[in-house]
Structures are given as structure tokens and as C-alpha cells.
file entry.txt (compact mmCIF, C-alpha atoms)
# COMPACT_ATOMS: atom_id res chain seq x y z
CA MET T 24 -43.40 -21.52 -224.07
CA LYS T 25 -40.34 -19.58 -225.12
CA LYS T 26 -40.14 -15.85 -224.44
CA GLN T 27 -40.51 -14.91 -228.10
CA HIS T 28 -43.79 -16.87 -228.24
CA ARG T 29 -45.46 -15.15 -225.27
CA LEU T 30 -47.56 -12.04 -224.84
CA ARG T 31 -46.61 -10.44 -221.54
CA LYS T 32 -47.56 -6.76 -221.45
CA ASN T 33 -51.05 -5.45 -220.80
CA GLU T 34 -50.68 -3.20 -223.85
CA GLU T 35 -50.13 -6.24 -226.09
CA PHE T 36 -53.22 -7.96 -224.66
CA GLN T 37 -55.31 -4.82 -225.14
CA GLN T 38 -54.29 -4.49 -228.80
CA VAL T 39 -55.41 -8.06 -229.46
CA PHE T 40 -58.75 -7.39 -227.73
CA ARG T 41 -59.27 -4.07 -229.52
CA TYR T 42 -58.16 -4.94 -233.06
CA GLY T 43 -58.63 -8.70 -233.18
CA SER T 44 -61.51 -11.11 -233.61
CA SER T 45 -62.87 -13.65 -231.15
CA SER T 46 -64.21 -17.19 -231.10
CA ALA T 47 -65.41 -19.25 -228.17
CA ASN T 48 -66.75 -22.50 -226.82
CA ARG T 49 -68.00 -23.31 -223.31
CA GLN T 50 -64.53 -23.54 -221.76
CA PHE T 51 -62.38 -20.99 -223.63
CA VAL T 52 -62.47 -17.69 -225.52
CA VAL T 53 -59.81 -17.07 -228.20
CA TYR T 54 -58.93 -13.61 -229.46
CA GLN T 55 -56.61 -13.37 -232.46
CA ARG T 56 -54.96 -10.57 -234.37
CA LYS T 57 -53.01 -10.98 -237.61
CA LYS T 58 -49.50 -9.53 -237.52
CA PRO T 59 -47.89 -9.92 -240.98
CA ASP T 60 -44.66 -8.24 -239.84
CA GLN T 61 -43.89 -10.89 -237.21
CA LYS T 62 -42.52 -14.35 -237.97
CA ALA T 63 -43.84 -16.51 -235.14
CA ILE T 64 -47.06 -16.90 -233.23
CA ARG T 65 -47.31 -15.23 -229.80
CA ILE T 66 -49.76 -16.54 -227.21
CA GLY T 67 -51.09 -14.98 -224.02
CA LEU T 68 -53.09 -16.85 -221.38
CA SER T 69 -55.62 -15.36 -219.00
CA VAL T 70 -57.23 -17.10 -216.04
CA SER T 71 -59.48 -14.98 -213.81
CA LYS T 72 -59.43 -15.04 -210.02
CA LYS T 73 -63.09 -16.06 -210.26
CA LEU T 74 -61.96 -19.55 -211.31
CA GLY T 75 -60.28 -20.34 -208.01
CA ASN T 76 -57.27 -19.77 -205.82
CA ALA T 77 -53.69 -19.43 -207.09
CA VAL T 78 -53.11 -23.18 -207.09
CA THR T 79 -56.16 -23.78 -209.29
CA ARG T 80 -55.34 -20.94 -211.67
CA ASN T 81 -51.73 -22.06 -212.08
CA ARG T 82 -52.87 -25.64 -212.72
CA ILE T 83 -55.19 -24.43 -215.49
CA LYS T 84 -52.36 -22.39 -217.04
CA ARG T 85 -49.92 -25.34 -216.85
CA LEU T 86 -52.40 -27.61 -218.62
CA MET T 87 -53.14 -24.97 -221.27
CA LYS T 88 -49.40 -24.48 -221.90
CA GLU T 89 -48.88 -28.22 -222.25
CA VAL T 90 -51.62 -28.48 -224.88
CA LEU T 91 -50.39 -25.40 -226.73
CA ARG T 92 -46.80 -26.63 -226.74
CA ALA T 93 -47.92 -29.59 -228.83
CA GLU T 94 -50.38 -27.63 -230.99
CA ALA T 95 -48.36 -24.45 -231.73
CA PRO T 96 -46.45 -25.85 -234.74
CA SER T 97 -49.75 -26.73 -236.47
CA LEU T 98 -51.20 -23.22 -235.98
CA TYR T 99 -50.93 -20.33 -238.39
CA GLN T 100 -47.92 -18.18 -237.52
CA GLU T 101 -47.80 -14.37 -237.79
CA ARG T 102 -50.54 -13.95 -235.20
CA ASP T 103 -51.04 -12.77 -231.64
CA ILE T 104 -53.49 -14.93 -229.70
CA VAL T 105 -55.05 -14.49 -226.26
CA ILE T 106 -56.82 -17.46 -224.69
CA ILE T 107 -59.16 -16.84 -221.76
CA ALA T 108 -60.28 -19.74 -219.57
CA ARG T 109 -63.91 -19.90 -218.47
CA LYS T 110 -65.34 -21.51 -215.33
CA PRO T 111 -65.72 -25.11 -216.66
CA ALA T 112 -61.96 -25.23 -217.39
CA ALA T 113 -61.26 -25.43 -213.64
CA GLU T 114 -62.56 -29.02 -213.42
CA MET T 115 -61.00 -30.31 -216.65
CA GLU T 116 -58.29 -32.95 -216.96
CA LEU T 117 -55.54 -32.79 -219.58
CA ASP T 118 -57.27 -34.92 -222.24
CA GLU T 119 -60.53 -32.95 -221.91
CA MET T 120 -58.66 -29.66 -222.10
CA LYS T 121 -56.75 -30.84 -225.18
CA LYS T 122 -59.99 -31.73 -226.95
CA SER T 123 -61.65 -28.44 -225.99
CA LEU T 124 -58.68 -26.24 -226.94
CA LYS T 125 -58.29 -28.02 -230.28
CA HIS T 126 -61.99 -27.42 -230.93
CA VAL T 127 -61.88 -23.69 -230.14
CA LEU T 128 -58.71 -23.23 -232.21
CA LYS T 129 -60.44 -24.93 -235.12
CA VAL T 130 -63.52 -22.72 -234.68
CA ALA T 131 -61.20 -19.68 -234.69
CA LYS T 132 -59.68 -20.98 -237.96
CA LEU T 133 -56.17 -20.96 -236.52
CA VAL T 134 -55.28 -24.55 -237.46
CA ASN T 135 -53.03 -24.77 -240.49
CA ARG T 136 -54.08 -27.80 -242.55
CA ARG T 137 -50.68 -28.36 -244.20
call {"tool": "encode", "arguments": {"input": "entry.txt", "output": "C-alpha cells"}}
result
Amino acid sequence: MKKQHRLRKNEEFQQVFRYGSSSANRQFVVYQRKKPDQKAIRIGLSVSKKLGNAVTRNRIKRLMKEVLRAEAPSLYQERDIVIIARKPAAEMELDEMKKSLKHVLKVAKLVNRR
């Protein structure tokens, strides 16, 4: 993901948690906050140390980024989104993760149907 499409600072994450809404399925939790003053979507990823060692956590993040790279153009822009991986995400392959992330994004009503 490009720099302008990432949430990096703890303060940005906390604002999404505090002022946004959440949706979830078994593998992921999505927090979103509308930001009408910003042009593009910004996404932050969170994978807890409870899910495994650094290799496992980085693998989960790589797979999530790959799915989001393909899905980002079809999502509503002008939003900040934080996606948190849950325990079952550690054993998922790319196709399973794609299906699960698409599902939770649809539940969160982030998919633009244009």
C-alpha cells in the first residue's frame, strides 16, 4: 500500500476506534470512520502478538495487504479503516483470507457497488 493509503500513528488508530463503528466476522474486526475532508481511503492493519511469532504475524499482514491491494479501488473512499486479525486468520491461506475479508468488508458496508 502506498504511504498516503496507510494509517501509521497510534493517534490515528485511536481516533478510528473512538469515533468509528465496527463490524466483525470470525477472522477479522473492521473499524471505520468517515472522513469527508480526505480524498482517498486509508487503511491500518493490526495483528496481535497472541497470533504467533514475528514470522507468522508478518505473513498474515502480507496476505491482508495483497487482498486489500485488489479490493481497495472497489471500496468507498473518504474513510479511515482499521482491520484487526483474530486467531483463525493465522491458519488461513490466501484464497480463504480473500473470501473472509471480502465478507467482513461487505458486512461493514464498505463495498461500493458502482
call {"tool": "atom_distance", "arguments": {"input": "entry.txt", "atom1": "CA of Val105 in chain T", "atom2": "CA of Lys73 in chain T"}}
result
18.0 Å
call {"tool": "atom_distance", "arguments": {"input": "entry.txt", "atom1": "CA of Lys26 in chain T", "atom2": "CA of Ala63 in chain T"}}
result
11.3 Å
call {"tool": "closest_residue", "arguments": {"input": "entry.txt", "among": "T:Ala112, T:Leu68, T:Leu86, T:Leu98", "to": "Arg136 in chain T", "atoms": "only C-alpha atoms"}}
result
T:Leu98
call {"tool": "residues_around", "arguments": {"input": "entry.txt", "residues": "Arg80 in chain T", "least_positions_apart": "6", "cutoff": "12 Å", "atoms": "all atoms listed in the file", "output": "VMD selection string"}}
result
chain T and resid 68 to 74 86 to 87 107 to 110 112 to 114
call {"tool": "residues_around", "arguments": {"input": "entry.txt", "residues": "Asn48 in chain T", "least_positions_apart": "6", "cutoff": "12 Å", "atoms": "all atoms listed in the file", "output": "VMD selection string"}}
result
chain T and resid 106 to 112 120 122 to 131
call {"tool": "atom_distance", "arguments": {"input": "entry.txt", "atom1": "CA of Pro96 in chain T", "atom2": "CA of Arg41 in chain T"}}
result
25.8 Å
call {"tool": "residues_around", "arguments": {"input": "entry.txt", "residues": "Arg56 in chain T", "least_positions_apart": "5", "cutoff": "6 Å", "atoms": "all atoms listed in the file", "output": "ChimeraX atom specification"}}
result
/T:39,43,102-103
call {"tool": "residues_around", "arguments": {"input": "entry.txt", "residues": "Ser97 in chain T", "least_positions_apart": "2", "cutoff": "6 Å", "atoms": "only C-alpha atoms", "output": "count of residues only"}}
result
3
call {"tool": "closest_residue", "arguments": {"input": "entry.txt", "among": "T:Lys25, T:Lys132, T:Lys62, T:Lys57", "to": "Phe40 in chain T", "atoms": "all atoms listed in the file"}}
result
T:Lys57
call {"tool": "axis_aligned_box", "arguments": {"input": "entry.txt", "around": "range 93-111 of chain T", "padding_each_side": "6 Å", "output": "AutoDock Vina command-line options"}}
result
--center_x -56.1 --center_y -21.2 --center_z -226.9 --size_x 31.3 --size_y 28.8 --size_z 35.1
call {"tool": "closest_residue", "arguments": {"input": "entry.txt", "among": "T:Lys88, T:Gln100, T:Leu133, T:Glu116", "to": "Asp60 in chain T", "atoms": "only C-alpha atoms"}}
result
T:Gln100
call {"tool": "build_atoms", "arguments": {"input": "entry.txt", "residues": "range 81-116 of chain T", "atoms": "N, CA and C atoms", "output": "compact mmCIF listing (two decimals), in the frame of the given file"}}
result
# COMPACT_ATOMS: atom_id res chain seq x y z
N ASN T 81 -53.02 -21.63 -211.52
CA ASN T 81 -51.73 -22.06 -212.08
C ASN T 81 -51.84 -23.44 -212.71
N ARG T 82 -52.66 -24.32 -212.14
CA ARG T 82 -52.87 -25.64 -212.72
C ARG T 82 -53.51 -25.51 -214.10
N ILE T 83 -54.52 -24.65 -214.21
CA ILE T 83 -55.19 -24.43 -215.49
C ILE T 83 -54.18 -23.91 -216.52
N LYS T 84 -53.35 -22.95 -216.12
CA LYS T 84 -52.36 -22.39 -217.04
C LYS T 84 -51.32 -23.44 -217.46
N ARG T 85 -50.89 -24.28 -216.52
CA ARG T 85 -49.92 -25.34 -216.85
C ARG T 85 -50.50 -26.30 -217.88
N LEU T 86 -51.76 -26.70 -217.68
CA LEU T 86 -52.40 -27.61 -218.62
C LEU T 86 -52.57 -26.95 -219.99
N MET T 87 -52.97 -25.68 -220.00
CA MET T 87 -53.14 -24.97 -221.27
C MET T 87 -51.80 -24.88 -222.01
N LYS T 88 -50.73 -24.57 -221.28
CA LYS T 88 -49.40 -24.48 -221.90
C LYS T 88 -48.97 -25.82 -222.48
N GLU T 89 -49.26 -26.89 -221.78
CA GLU T 89 -48.88 -28.22 -222.25
C GLU T 89 -49.59 -28.55 -223.57
N VAL T 90 -50.87 -28.25 -223.65
CA VAL T 90 -51.62 -28.48 -224.88
C VAL T 90 -51.09 -27.60 -226.00
N LEU T 91 -50.85 -26.34 -225.71
CA LEU T 91 -50.39 -25.40 -226.73
C LEU T 91 -48.98 -25.70 -227.20
N ARG T 92 -48.15 -26.24 -226.34
CA ARG T 92 -46.80 -26.63 -226.74
C ARG T 92 -46.85 -27.64 -227.87
N ALA T 93 -47.78 -28.57 -227.79
CA ALA T 93 -47.92 -29.59 -228.83
C ALA T 93 -48.63 -29.05 -230.07
N GLU T 94 -49.56 -28.12 -229.88
CA GLU T 94 -50.38 -27.63 -230.99
C GLU T 94 -49.77 -26.44 -231.74
N ALA T 95 -48.88 -25.69 -231.12
CA ALA T 95 -48.36 -24.45 -231.73
C ALA T 95 -47.76 -24.64 -233.12
N PRO T 96 -47.00 -25.71 -233.39
CA PRO T 96 -46.45 -25.85 -234.74
C PRO T 96 -47.51 -26.02 -235.83
N SER T 97 -48.69 -26.51 -235.47
CA SER T 97 -49.75 -26.73 -236.47
C SER T 97 -50.65 -25.51 -236.63
N LEU T 98 -50.38 -24.43 -235.89
CA LEU T 98 -51.20 -23.22 -235.98
C LEU T 98 -50.57 -22.25 -236.99
N TYR T 99 -51.43 -21.38 -237.53
CA TYR T 99 -50.93 -20.33 -238.39
C TYR T 99 -50.00 -19.44 -237.59
N GLN T 100 -48.86 -19.09 -238.16
CA GLN T 100 -47.92 -18.18 -237.52
C GLN T 100 -48.34 -16.75 -237.85
N GLU T 101 -47.52 -15.78 -237.52
CA GLU T 101 -47.80 -14.37 -237.79
C GLU T 101 -49.10 -13.90 -237.14
N ARG T 102 -49.33 -14.34 -235.92
CA ARG T 102 -50.54 -13.95 -235.20
C ARG T 102 -50.22 -13.74 -233.73
N ASP T 103 -51.01 -12.88 -233.09
CA ASP T 103 -51.04 -12.77 -231.64
C ASP T 103 -52.36 -13.37 -231.19
N ILE T 104 -52.30 -14.23 -230.18
CA ILE T 104 -53.49 -14.93 -229.70
C ILE T 104 -53.58 -14.76 -228.18
N VAL T 105 -54.79 -14.50 -227.69
CA VAL T 105 -55.05 -14.49 -226.26
C VAL T 105 -56.13 -15.53 -225.99
N ILE T 106 -55.86 -16.42 -225.06
CA ILE T 106 -56.82 -17.46 -224.69
C ILE T 106 -57.27 -17.21 -223.26
N ILE T 107 -58.58 -17.09 -223.08
CA ILE T 107 -59.16 -16.84 -221.76
C ILE T 107 -59.92 -18.09 -221.32
N ALA T 108 -59.60 -18.56 -220.12
CA ALA T 108 -60.28 -19.74 -219.57
C ALA T 108 -61.59 -19.31 -218.92
N ARG T 109 -62.62 -20.11 -219.13
CA ARG T 109 -63.91 -19.90 -218.47
C ARG T 109 -64.06 -20.89 -217.32
N LYS T 110 -65.12 -20.74 -216.56
CA LYS T 110 -65.34 -21.51 -215.33
C LYS T 110 -65.22 -23.04 -215.51
N PRO T 111 -65.81 -23.66 -216.55
CA PRO T 111 -65.72 -25.11 -216.66
C PRO T 111 -64.28 -25.65 -216.81
N ALA T 112 -63.35 -24.79 -217.21
CA ALA T 112 -61.96 -25.23 -217.39
C ALA T 112 -61.32 -25.63 -216.06
N ALA T 113 -61.84 -25.15 -214.96
CA ALA T 113 -61.26 -25.43 -213.64
C ALA T 113 -61.36 -26.91 -213.28
N GLU T 114 -62.37 -27.61 -213.77
CA GLU T 114 -62.56 -29.02 -213.42
C GLU T 114 -62.04 -29.98 -214.49
N MET T 115 -61.40 -29.47 -215.52
CA MET T 115 -61.00 -30.31 -216.65
C MET T 115 -59.67 -31.02 -216.39
N GLU T 116 -59.56 -32.21 -216.94
CA GLU T 116 -58.29 -32.95 -216.96
C GLU T 116 -57.58 -32.65 -218.27
